[in-house]
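Have a look at input_3.txt; it's compact mmCIF, C-alpha atoms:
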```
# COMPACT_ATOMS: atom_id res chain seq x y z
CA MET X 1260 -127.91 8.43 5.60
CA PHE X 1261 -126.89 7.19 2.15
CA SER X 1262 -130.06 8.55 0.52
CA LYS X 1263 -128.52 11.99 0.87
CA PHE X 1264 -125.80 11.04 -1.63
CA ASN X 1265 -128.11 10.23 -4.57
CA HIS X 1266 -127.02 13.21 -6.63
CA VAL X 1267 -123.37 12.09 -6.73
CA GLU X 1268 -122.38 10.42 -10.00
CA THR X 1269 -121.71 6.84 -8.92
CA ILE X 1270 -120.00 6.03 -12.22
CA ASP X 1271 -117.35 8.72 -11.61
CA LEU X 1272 -116.58 7.28 -8.18
CA LEU X 1273 -116.31 3.82 -9.71
CA TYR X 1274 -113.83 5.09 -12.30
CA LEU X 1275 -111.63 6.56 -9.56
CA PHE X 1276 -111.78 3.35 -7.53
CA LEU X 1277 -110.93 1.14 -10.51
CA LEU X 1278 -108.09 3.44 -11.58
CA GLY X 1279 -106.62 3.18 -8.08
CA ILE X 1280 -106.71 -0.62 -8.35
CA PHE X 1281 -105.16 -0.51 -11.83
CA VAL X 1282 -102.24 1.77 -10.90
CA SER X 1283 -101.62 -0.15 -7.66
CA ALA X 1284 -101.55 -3.42 -9.59
CA ILE X 1285 -98.98 -2.00 -12.03
CA ILE X 1286 -96.73 -1.04 -9.10
CA LEU X 1287 -96.94 -4.56 -7.68
CA VAL X 1288 -96.41 -6.30 -11.02
CA THR X 1289 -93.27 -4.23 -11.63
CA LYS X 1290 -92.09 -4.48 -7.99
CA LYS X 1291 -88.84 -6.29 -8.75
CA TYR X 1292 -87.68 -3.41 -10.94
CA HIS X 1293 -88.17 -0.62 -8.39
CA VAL X 1294 -88.40 -2.12 -4.89
CA ARG X 1295 -84.76 -1.34 -4.11
CA PHE X 1296 -85.73 2.32 -4.45
CA THR X 1297 -89.36 2.37 -3.35
CA ALA X 1298 -88.76 0.35 -0.17
CA LYS X 1299 -85.22 1.57 0.47
CA GLY X 1300 -84.42 1.75 4.16
CA HIS X 1301 -87.83 0.41 5.17
CA GLU X 1302 -87.51 -3.35 5.42
CA GLY X 1303 -88.81 -4.00 8.94
CA LEU X 1304 -85.95 -2.18 10.70
CA SER X 1305 -88.00 0.68 12.13
CA VAL X 1306 -88.86 0.76 15.82
CA GLN X 1307 -92.54 0.94 14.85
CA SER X 1308 -92.45 -1.55 12.00
CA SER X 1309 -94.69 -4.60 12.09
CA HIS X 1310 -93.70 -5.81 8.63
CA LYS X 1311 -90.47 -7.61 7.74
CA LEU X 1312 -90.53 -7.76 3.94
CA ALA X 1313 -89.37 -5.09 1.53
CA THR X 1314 -92.65 -3.51 0.44
CA PRO X 1315 -93.21 -0.54 -1.89
CA ARG X 1316 -94.12 2.55 0.12
CA ILE X 1317 -95.44 4.60 -2.79
CA GLY X 1318 -99.18 4.26 -2.32
CA GLY X 1319 -99.13 8.06 -2.16
CA ILE X 1320 -98.10 8.21 -5.80
CA VAL X 1321 -101.12 6.09 -6.71
CA ILE X 1322 -103.40 8.50 -4.87
CA LEU X 1323 -101.74 11.47 -6.61
CA ILE X 1324 -102.30 9.88 -10.04
CA VAL X 1325 -105.94 9.06 -9.28
CA PHE X 1326 -106.37 12.52 -7.79
CA GLY X 1327 -105.06 14.07 -11.01
CA PHE X 1328 -107.33 11.89 -13.12
CA GLY X 1329 -110.28 13.01 -11.01
CA VAL X 1330 -109.42 16.63 -11.79
CA LEU X 1331 -109.45 15.88 -15.53
CA MET X 1332 -112.82 14.16 -15.22
CA THR X 1333 -114.68 17.15 -13.86
CA ASP X 1334 -116.13 19.98 -15.93
CA GLU X 1335 -117.39 21.93 -12.90
CA TYR X 1336 -115.22 25.00 -12.50
CA GLU X 1337 -115.75 25.40 -8.74
CA LEU X 1338 -115.03 21.74 -8.07
CA TYR X 1339 -112.01 21.88 -10.38
CA SER X 1340 -110.59 24.97 -8.65
CA TYR X 1341 -110.99 23.53 -5.15
CA VAL X 1342 -109.36 20.23 -6.05
CA ILE X 1343 -106.49 21.89 -7.93
CA VAL X 1344 -105.65 24.13 -4.97
CA MET X 1345 -105.74 21.15 -2.60
CA GLY X 1346 -103.31 19.29 -4.85
CA VAL X 1347 -100.95 22.23 -5.36
CA SER X 1348 -100.86 23.13 -1.68
CA ALA X 1349 -100.15 19.50 -0.75
CA LEU X 1350 -97.00 19.34 -2.91
CA PRO X 1351 -94.49 20.45 -0.21
CA VAL X 1352 -95.58 17.81 2.27
CA PHE X 1353 -95.97 15.20 -0.47
CA ILE X 1354 -92.38 15.75 -1.65
CA GLY X 1355 -91.04 15.62 1.92
CA GLY X 1356 -92.91 12.41 2.60
CA LEU X 1357 -91.76 10.87 -0.67
CA GLY X 1358 -88.16 11.63 0.27
CA GLU X 1359 -88.62 9.59 3.44
CA ASP X 1360 -90.34 6.79 1.52
CA ILE X 1361 -87.40 6.30 -0.85
CA GLY X 1362 -84.82 6.33 1.94
CA LEU X 1363 -83.55 9.92 1.99
CA ASN X 1364 -84.14 10.03 5.77
CA VAL X 1365 -86.19 13.20 5.92
CA ARG X 1366 -86.44 14.02 9.62
CA PRO X 1367 -89.89 14.04 11.27
CA LEU X 1368 -89.38 17.67 12.34
CA PHE X 1369 -88.69 18.73 8.75
CA ARG X 1370 -91.76 16.84 7.52
CA LEU X 1371 -93.81 18.59 10.19
CA ILE X 1372 -92.43 21.93 9.01
CA LEU X 1373 -93.42 21.05 5.45
CA SER X 1374 -96.94 20.29 6.67
CA PHE X 1375 -97.06 23.86 7.97
CA VAL X 1376 -95.73 25.11 4.63
CA SER X 1377 -98.56 23.27 2.86
CA ALA X 1378 -101.01 24.78 5.34
CA VAL X 1379 -99.74 28.30 4.56
CA ALA X 1380 -100.06 27.61 0.84
CA ALA X 1381 -103.63 26.34 1.24
CA GLY X 1382 -104.68 29.27 3.40
CA LEU X 1383 -103.25 31.84 0.99
CA LEU X 1384 -104.64 30.17 -2.13
CA PHE X 1385 -108.09 29.50 -0.69
CA LYS X 1386 -108.08 32.80 1.23
CA ILE X 1387 -109.63 30.89 4.12
CA TRP X 1388 -108.65 30.87 7.79
CA ILE X 1389 -110.48 29.43 10.78
CA VAL X 1390 -112.27 32.36 12.40
CA HIS X 1391 -114.62 30.63 14.81
CA THR X 1392 -114.55 27.60 17.07
CA GLY X 1393 -117.84 28.14 18.86
CA ILE X 1394 -115.94 29.01 22.06
CA TYR X 1395 -116.64 32.72 22.26
CA ALA X 1396 -113.79 33.69 24.59
CA PHE X 1397 -111.33 32.06 22.18
CA ASP X 1398 -113.03 33.35 19.03
CA PHE X 1399 -112.36 36.92 20.20
CA PHE X 1400 -108.67 36.37 19.42
CA LEU X 1401 -109.49 34.90 16.01
CA THR X 1402 -110.91 38.24 14.95
CA VAL X 1403 -107.26 39.27 14.58
CA PRO X 1404 -106.28 38.03 11.07
CA VAL X 1405 -102.72 37.08 12.01
CA LEU X 1406 -103.89 35.00 14.96
CA ALA X 1407 -106.56 33.31 12.83
CA ALA X 1408 -103.92 32.45 10.22
CA LEU X 1409 -101.49 31.09 12.83
CA PHE X 1410 -104.23 29.02 14.45
CA THR X 1411 -105.29 27.57 11.09
CA ILE X 1412 -101.71 26.73 10.15
CA PHE X 1413 -101.20 24.97 13.49
CA ILE X 1414 -104.43 22.95 13.18
CA SER X 1415 -103.71 22.01 9.57
CA GLY X 1416 -100.12 20.96 10.20
CA ALA X 1417 -101.00 18.98 13.32
CA LEU X 1418 -103.90 17.08 11.70
CA CYS X 1419 -101.79 16.42 8.61
CA HIS X 1420 -99.06 14.92 10.80
CA SER X 1421 -101.58 12.92 12.83
CA ILE X 1422 -102.65 10.78 9.85
CA ASN X 1423 -99.03 9.72 9.38
CA LEU X 1424 -98.89 8.90 13.08
CA ILE X 1425 -101.68 6.32 12.83
CA ASP X 1426 -100.22 4.70 9.70
CA GLY X 1427 -98.89 1.71 11.63
CA LEU X 1428 -101.01 -1.26 10.58
CA HIS X 1429 -102.40 -2.59 7.31
CA GLY X 1430 -105.32 -0.46 6.24
CA LEU X 1431 -105.46 1.62 9.41
CA ALA X 1432 -104.65 5.11 8.12
CA LEU X 1433 -106.60 4.53 4.90
CA GLY X 1434 -109.59 3.07 6.74
CA VAL X 1435 -109.73 5.88 9.31
CA SER X 1436 -109.32 8.47 6.53
CA ALA X 1437 -112.18 6.91 4.57
CA ILE X 1438 -114.40 7.08 7.66
CA ILE X 1439 -113.45 10.74 8.15
CA LEU X 1440 -114.34 11.52 4.54
CA LEU X 1441 -117.69 9.74 4.85
CA GLY X 1442 -118.38 11.68 8.05
CA LEU X 1443 -117.58 14.97 6.32
CA ALA X 1444 -119.73 13.90 3.34
CA PHE X 1445 -122.62 13.23 5.72
CA ILE X 1446 -122.28 16.68 7.28
CA SER X 1447 -122.08 18.23 3.80
CA ALA X 1448 -125.21 16.39 2.68
CA ASN X 1449 -127.12 17.49 5.77
CA VAL X 1450 -126.39 21.16 5.12
CA GLY X 1451 -127.09 20.82 1.38
CA ASP X 1452 -123.52 21.39 0.21
CA ALA X 1453 -123.48 19.15 -2.87
CA LEU X 1454 -120.01 20.32 -3.94
CA MET X 1455 -118.39 19.18 -0.71
CA VAL X 1456 -120.29 15.87 -0.86
CA LYS X 1457 -118.69 15.22 -4.27
CA ILE X 1458 -115.22 16.15 -3.04
CA CYS X 1459 -115.52 13.95 0.06
CA LEU X 1460 -116.83 10.90 -1.78
CA GLY X 1461 -114.32 11.43 -4.60
CA GLY X 1462 -111.54 11.44 -2.01
CA ALA X 1463 -112.85 8.23 -0.47
CA ALA X 1464 -112.92 6.61 -3.92
CA CYS X 1465 -109.32 7.72 -4.59
CA ILE X 1466 -107.94 6.01 -1.50
CA SER X 1467 -110.10 2.88 -1.76
CA GLY X 1468 -108.13 1.51 -4.72
CA VAL X 1469 -104.95 1.55 -2.61
CA LEU X 1470 -106.80 0.13 0.40
CA ILE X 1471 -107.52 -3.07 -1.55
CA PHE X 1472 -103.77 -3.80 -1.72
CA ASN X 1473 -102.89 -2.33 1.66
CA PHE X 1474 -105.43 -4.39 3.60
CA PRO X 1475 -105.27 -7.11 4.78
CA PHE X 1476 -101.94 -8.37 3.43
CA GLY X 1477 -99.87 -5.18 3.22
CA LYS X 1478 -98.70 -5.63 -0.36
CA LEU X 1479 -98.50 -1.86 -0.93
CA PHE X 1480 -97.87 0.69 1.79
CA LEU X 1481 -99.39 4.15 1.86
CA GLY X 1482 -96.04 5.69 2.75
CA ASP X 1483 -95.35 9.06 4.31
CA ALA X 1484 -96.14 10.88 1.07
CA GLY X 1485 -99.57 9.30 0.96
CA ALA X 1486 -100.32 9.72 4.66
CA TYR X 1487 -99.27 13.37 4.77
CA THR X 1488 -101.10 14.20 1.54
CA ILE X 1489 -104.31 12.57 2.71
CA GLY X 1490 -103.97 14.30 6.07
CA HIS X 1491 -103.53 17.70 4.41
CA VAL X 1492 -106.41 17.23 1.96
CA ILE X 1493 -109.00 15.92 4.43
CA THR X 1494 -108.07 18.64 6.92
CA TRP X 1495 -108.70 21.34 4.34
CA ILE X 1496 -111.93 19.67 3.27
CA GLY X 1497 -113.03 20.10 6.89
CA ILE X 1498 -111.84 23.73 7.02
CA ILE X 1499 -113.54 24.60 3.72
CA LEU X 1500 -116.76 22.87 4.78
CA LEU X 1501 -116.80 24.93 7.97
CA SER X 1502 -116.06 28.14 6.04
CA ARG X 1503 -118.79 27.51 3.45
CA ASN X 1504 -121.35 26.53 6.09
CA PRO X 1505 -121.05 28.66 9.25
CA SER X 1506 -124.05 26.86 10.78
CA VAL X 1507 -121.96 23.69 11.14
CA ALA X 1508 -120.61 23.24 14.66
CA PRO X 1509 -116.78 23.43 14.62
CA PHE X 1510 -116.47 20.70 17.25
CA SER X 1511 -118.71 18.49 15.14
CA ILE X 1512 -115.98 18.64 12.48
CA LEU X 1513 -113.35 17.90 15.13
CA LEU X 1514 -115.42 14.95 16.34
CA VAL X 1515 -115.11 13.45 12.84
CA PHE X 1516 -111.32 13.76 13.20
CA PHE X 1517 -111.40 12.35 16.73
CA TRP X 1518 -109.15 9.32 16.28
CA PRO X 1519 -106.06 10.95 14.74
CA VAL X 1520 -106.44 13.91 17.13
CA PHE X 1521 -106.67 11.57 20.13
CA GLU X 1522 -103.71 9.46 19.01
CA MET X 1523 -101.53 12.49 18.32
CA THR X 1524 -102.39 14.29 21.58
CA PHE X 1525 -102.06 11.16 23.70
CA SER X 1526 -98.74 10.26 22.05
CA ILE X 1527 -97.32 13.69 22.85
CA LEU X 1528 -98.49 13.52 26.47
CA ARG X 1529 -97.25 9.94 26.88
CA ARG X 1530 -93.77 10.77 25.62
CA LEU X 1531 -93.50 13.96 27.67
CA LEU X 1532 -94.52 12.13 30.86
CA ARG X 1533 -91.89 9.45 30.14
CA GLY X 1534 -89.24 12.11 29.61
CA LYS X 1535 -88.88 11.29 25.91
CA SER X 1536 -88.73 13.55 22.88
CA VAL X 1537 -92.18 13.99 21.31
CA SER X 1538 -90.63 13.10 17.94
CA MET X 1539 -89.11 9.82 19.19
CA PRO X 1540 -91.02 6.78 17.85
CA ASP X 1541 -92.24 4.09 20.22
CA ARG X 1542 -94.36 0.94 20.18
CA LEU X 1543 -97.03 2.19 22.57
CA HIS X 1544 -99.67 3.49 20.16
CA PHE X 1545 -103.22 2.30 20.75
CA HIS X 1546 -103.18 0.11 17.65
CA GLN X 1547 -99.87 -1.49 18.68
CA ILE X 1548 -101.20 -2.32 22.15
CA VAL X 1549 -104.26 -3.94 20.56
CA MET X 1550 -102.12 -5.95 18.14
CA ARG X 1551 -99.74 -7.22 20.82
CA GLY X 1552 -102.70 -8.07 23.03
CA MET X 1553 -104.09 -10.30 20.29
CA GLU X 1554 -100.72 -11.99 19.98
CA ILE X 1555 -100.42 -12.57 23.72
CA LEU X 1556 -103.96 -13.76 24.40
CA TRP X 1557 -104.95 -15.49 21.22
CA LEU X 1558 -102.71 -15.82 18.18
CA GLY X 1559 -99.18 -16.15 19.50
CA ARG X 1560 -96.16 -14.00 18.76
CA HIS X 1561 -95.48 -15.58 15.38
CA ARG X 1562 -98.88 -14.81 13.86
CA ARG X 1563 -98.42 -11.09 13.30
CA ASN X 1564 -99.59 -11.47 9.71
CA ILE X 1565 -103.02 -12.18 11.20
CA ALA X 1566 -102.84 -9.93 14.27
CA ASN X 1567 -101.92 -6.90 12.16
CA PRO X 1568 -105.08 -6.66 10.01
CA LEU X 1569 -107.33 -7.86 12.84
CA ALA X 1570 -106.05 -5.07 15.09
CA SER X 1571 -106.74 -2.62 12.27
CA LEU X 1572 -110.35 -3.76 12.10
CA VAL X 1573 -110.75 -3.30 15.84
CA VAL X 1574 -109.27 0.21 15.84
CA ILE X 1575 -111.16 1.28 12.70
CA TYR X 1576 -114.38 0.17 14.37
CA LEU X 1577 -113.51 2.12 17.54
CA SER X 1578 -112.57 5.18 15.49
CA SER X 1579 -115.96 5.15 13.77
CA ILE X 1580 -117.96 5.44 17.01
CA PRO X 1581 -117.49 9.22 17.47
CA VAL X 1582 -118.25 9.77 13.77
CA PHE X 1583 -121.66 8.07 14.12
CA LEU X 1584 -122.65 10.74 16.67
CA VAL X 1585 -122.08 13.57 14.19
CA GLU X 1586 -125.70 13.54 13.06
CA SER X 1587 -126.84 14.75 16.47
CA THR X 1588 -124.13 17.42 16.78
CA ILE X 1589 -123.98 19.09 13.34
CA ASP X 1590 -125.39 22.33 14.75
CA ALA X 1591 -124.77 21.65 18.46
CA ASN X 1592 -121.23 22.75 19.25
CA TRP X 1593 -121.27 22.19 23.00
CA ALA X 1594 -122.77 18.74 22.60
CA ALA X 1595 -119.97 17.87 20.14
CA PHE X 1596 -117.42 19.31 22.58
CA CYS X 1597 -118.79 17.18 25.44
CA PHE X 1598 -118.78 14.07 23.26
CA PHE X 1599 -115.17 14.81 22.28
CA ILE X 1600 -114.04 15.10 25.90
CA PHE X 1601 -116.02 11.99 26.88
CA PHE X 1602 -114.43 9.88 24.14
CA PHE X 1603 -110.96 11.20 24.94
CA VAL X 1604 -111.30 10.11 28.57
CA PHE X 1605 -112.99 6.84 27.60
CA PHE X 1606 -110.32 5.77 25.11
CA PHE X 1607 -107.53 6.86 27.46
CA LEU X 1608 -108.96 4.62 30.19
CA LEU X 1609 -109.51 1.81 27.68
CA TYR X 1610 -105.89 2.11 26.54
CA GLU X 1611 -104.62 1.95 30.13
CA PHE X 1612 -106.83 -1.05 30.85
CA PHE X 1613 -105.62 -2.88 27.73
CA LYS X 1614 -102.00 -2.16 28.62
CA TRP X 1615 -102.41 -3.31 32.23
CA PHE X 1616 -104.37 -6.42 31.26
CA PHE X 1617 -102.02 -7.51 28.49
CA ILE X 1618 -98.90 -6.94 30.61
CA ASN X 1619 -100.32 -9.06 33.42
CA ALA X 1620 -101.59 -11.73 31.02
CA SER X 1621 -98.13 -12.11 29.51
CA ARG X 1622 -96.49 -12.92 32.85
```
Re-express the file's structure as structure tokens.
Amino acid sequence: MFSKFNHVETIDLLYLFLLGIFVSAIILVTKKYHVRFTAKGHEGLSVQSSHKLATPRIGGIVILIVFGFGVLMTDEYELYSYVIVMGVSALPVFIGGLGEDIGLNVRPLFRLILSFVSAVAAGLLFKIWIVHTGIYAFDFFLTVPVLAALFTIFISGALCHSINLIDGLHGLALGVSAIILLGLAFISANVGDALMVKICLGGAACISGVLIFNFPFGKLFLGDAGAYTIGHVITWIGIILLSRNPSVAPFSILLVFFWPVFEMTFSILRRLLRGKSVSMPDRLHFHQIVMRGMEILWLGRHRRNIANPLASLVVIYLSSIPVFLVESTIDANWAAFCFFIFFFVFFFLLYEFFKWFFINASR
């Protein structure tokens, strides 16, 4: 697998990784001067919070700085233009997320709307819309430009929001995003798209510097700005990859994004069935069930500092399983579709088993 990445400049990726570490370290060293702003309103009081200390939530700013440095490093016009458009189109959702991170209480619905605004901006600037899914009856409607644009905006906004949804444990959103980028890089390498390989691996390098401080001790949080920005960028990497390489199976791309799609879809269904608003937070996400199960069965309720990163490792491992099957589905859309449905049912049943087992074990 990794032999396909030989043409990527390793030294450039190392620079991006080291810069991420450097900027993250500066934020932590200067924490006492800005934490009252950068952690404002987020000191373990959230329904979903598993962290009790005031912690900077501006990992997204680190990624933006490294992202910008990566743009300056490249002298390839096509690579430069793609990355610039991704950054510019991500600004609406980045700003909305940053407002939440610094305590301006930007509502989830408004952040979701901004993710759609970023999707519109990306579609118009790239002049790319999703026009085929491999399901012919559905693709007939995508021949209508307006419907193709609306479908693309919906997919982009939903996937963007889904990365924020899984940002609940140390390293989880960053780890899953890195796996997604590696999966997309693998697809790109298999179809000979060297440009997209560079973009994918460059993106993975950008977030890795923050991951060092986010996992396992949670010294720096990704924040909504970071989660939404990563979600927007990796979604459009997938859309562009599909547009540039029509031979790639659309559901193979979706299989790479399986975990955030599963978590988002299951969360919506779970809340609707319980009569709750889909935007209302809860503590019933897959990763939260796994973490509480570790506390109940093994670590105890006062060892969350250990349960948190361990649960992340478990979920990141589970999220990587569908991605490993991409090699056999790159040009096999129905196989990818069947794998997607299988994993959705499998992880739903696994979730229900975990929940039942842990509830009974705690009695």
So, with only C-alpha atoms as the atoms that count, which of X:Gly1318, X:Phe1296, X:Leu1433, X:Phe1613 lies closest to Ile1555 (chain X)?
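Of X:Gly1318, X:Phe1296, X:Leu1433, X:Phe1613, the one nearest Ile1555 (chain X) is X:Phe1613, counting only C-alpha atoms.
Taking CA of Ser1587 (chain X) as the reference point, CA of Phe1525 (chain X) is found at 26.1 Å.
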So how many Å separate CA of Leu1481 (chain X) and CA of Asp1541 (chain X), to one decimal?
19.7 Å
I'd like the contact shell of Ile1372 (chain X) - 10 Å cut-off, only C-alpha atoms, skipping same-chain residues fewer than 5 positions apart - returned as JSON, numbers by chain.
{"X": [1351, 1352, 1355, 1366, 1367, 1377, 1378, 1416, 1420]}
Axis-aligned box over every listed atom of region 1329-1336 of chain X, padded by 3 Å per side: centre and edges in Å to one decimal, as AutoDock Vina command-line options?
```
--center_x -113.4 --center_y 19.0 --center_z -13.5 --size_x 14.0 --size_y 18.0 --size_z 10.9
```
For CA of Leu1470 (chain X) and CA of Gly1356 (chain X), the interatomic separation in Å (one decimal):
18.7 Å
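The residue that comes closest to Leu1273 (chain X), out of X:Pro1404, X:Phe1583, X:Gly1534, X:Gly1462 and on the basis of only C-alpha atoms, is X:Gly1462.
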Counting only C-alpha atoms, figure out which residue out of X:Gly1393, X:Gly1451, X:Gly1362, X:Gly1279 gets nearest to Val1325 (chain X).
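Of X:Gly1393, X:Gly1451, X:Gly1362, X:Gly1279, the one nearest Val1325 (chain X), counting only C-alpha atoms, is X:Gly1279.
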Counting all atoms listed in the file, figure out which residue out of X:Asn1567, X:Thr1289, X:Thr1392, X:Ser1579 gets nearest to Leu1440 (chain X).
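Among the listed residues, X:Ser1579 lies closest to Leu1440 (chain X).
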Rank X:Ala1432, X:Ile1496, X:Leu1357, X:Leu1371 by their smallest atom-to-atom distance to Leu1460 (chain X), using only C-alpha atoms, and report the top residue only.
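The answer is X:Ile1496, which sits nearest to Leu1460 (chain X).
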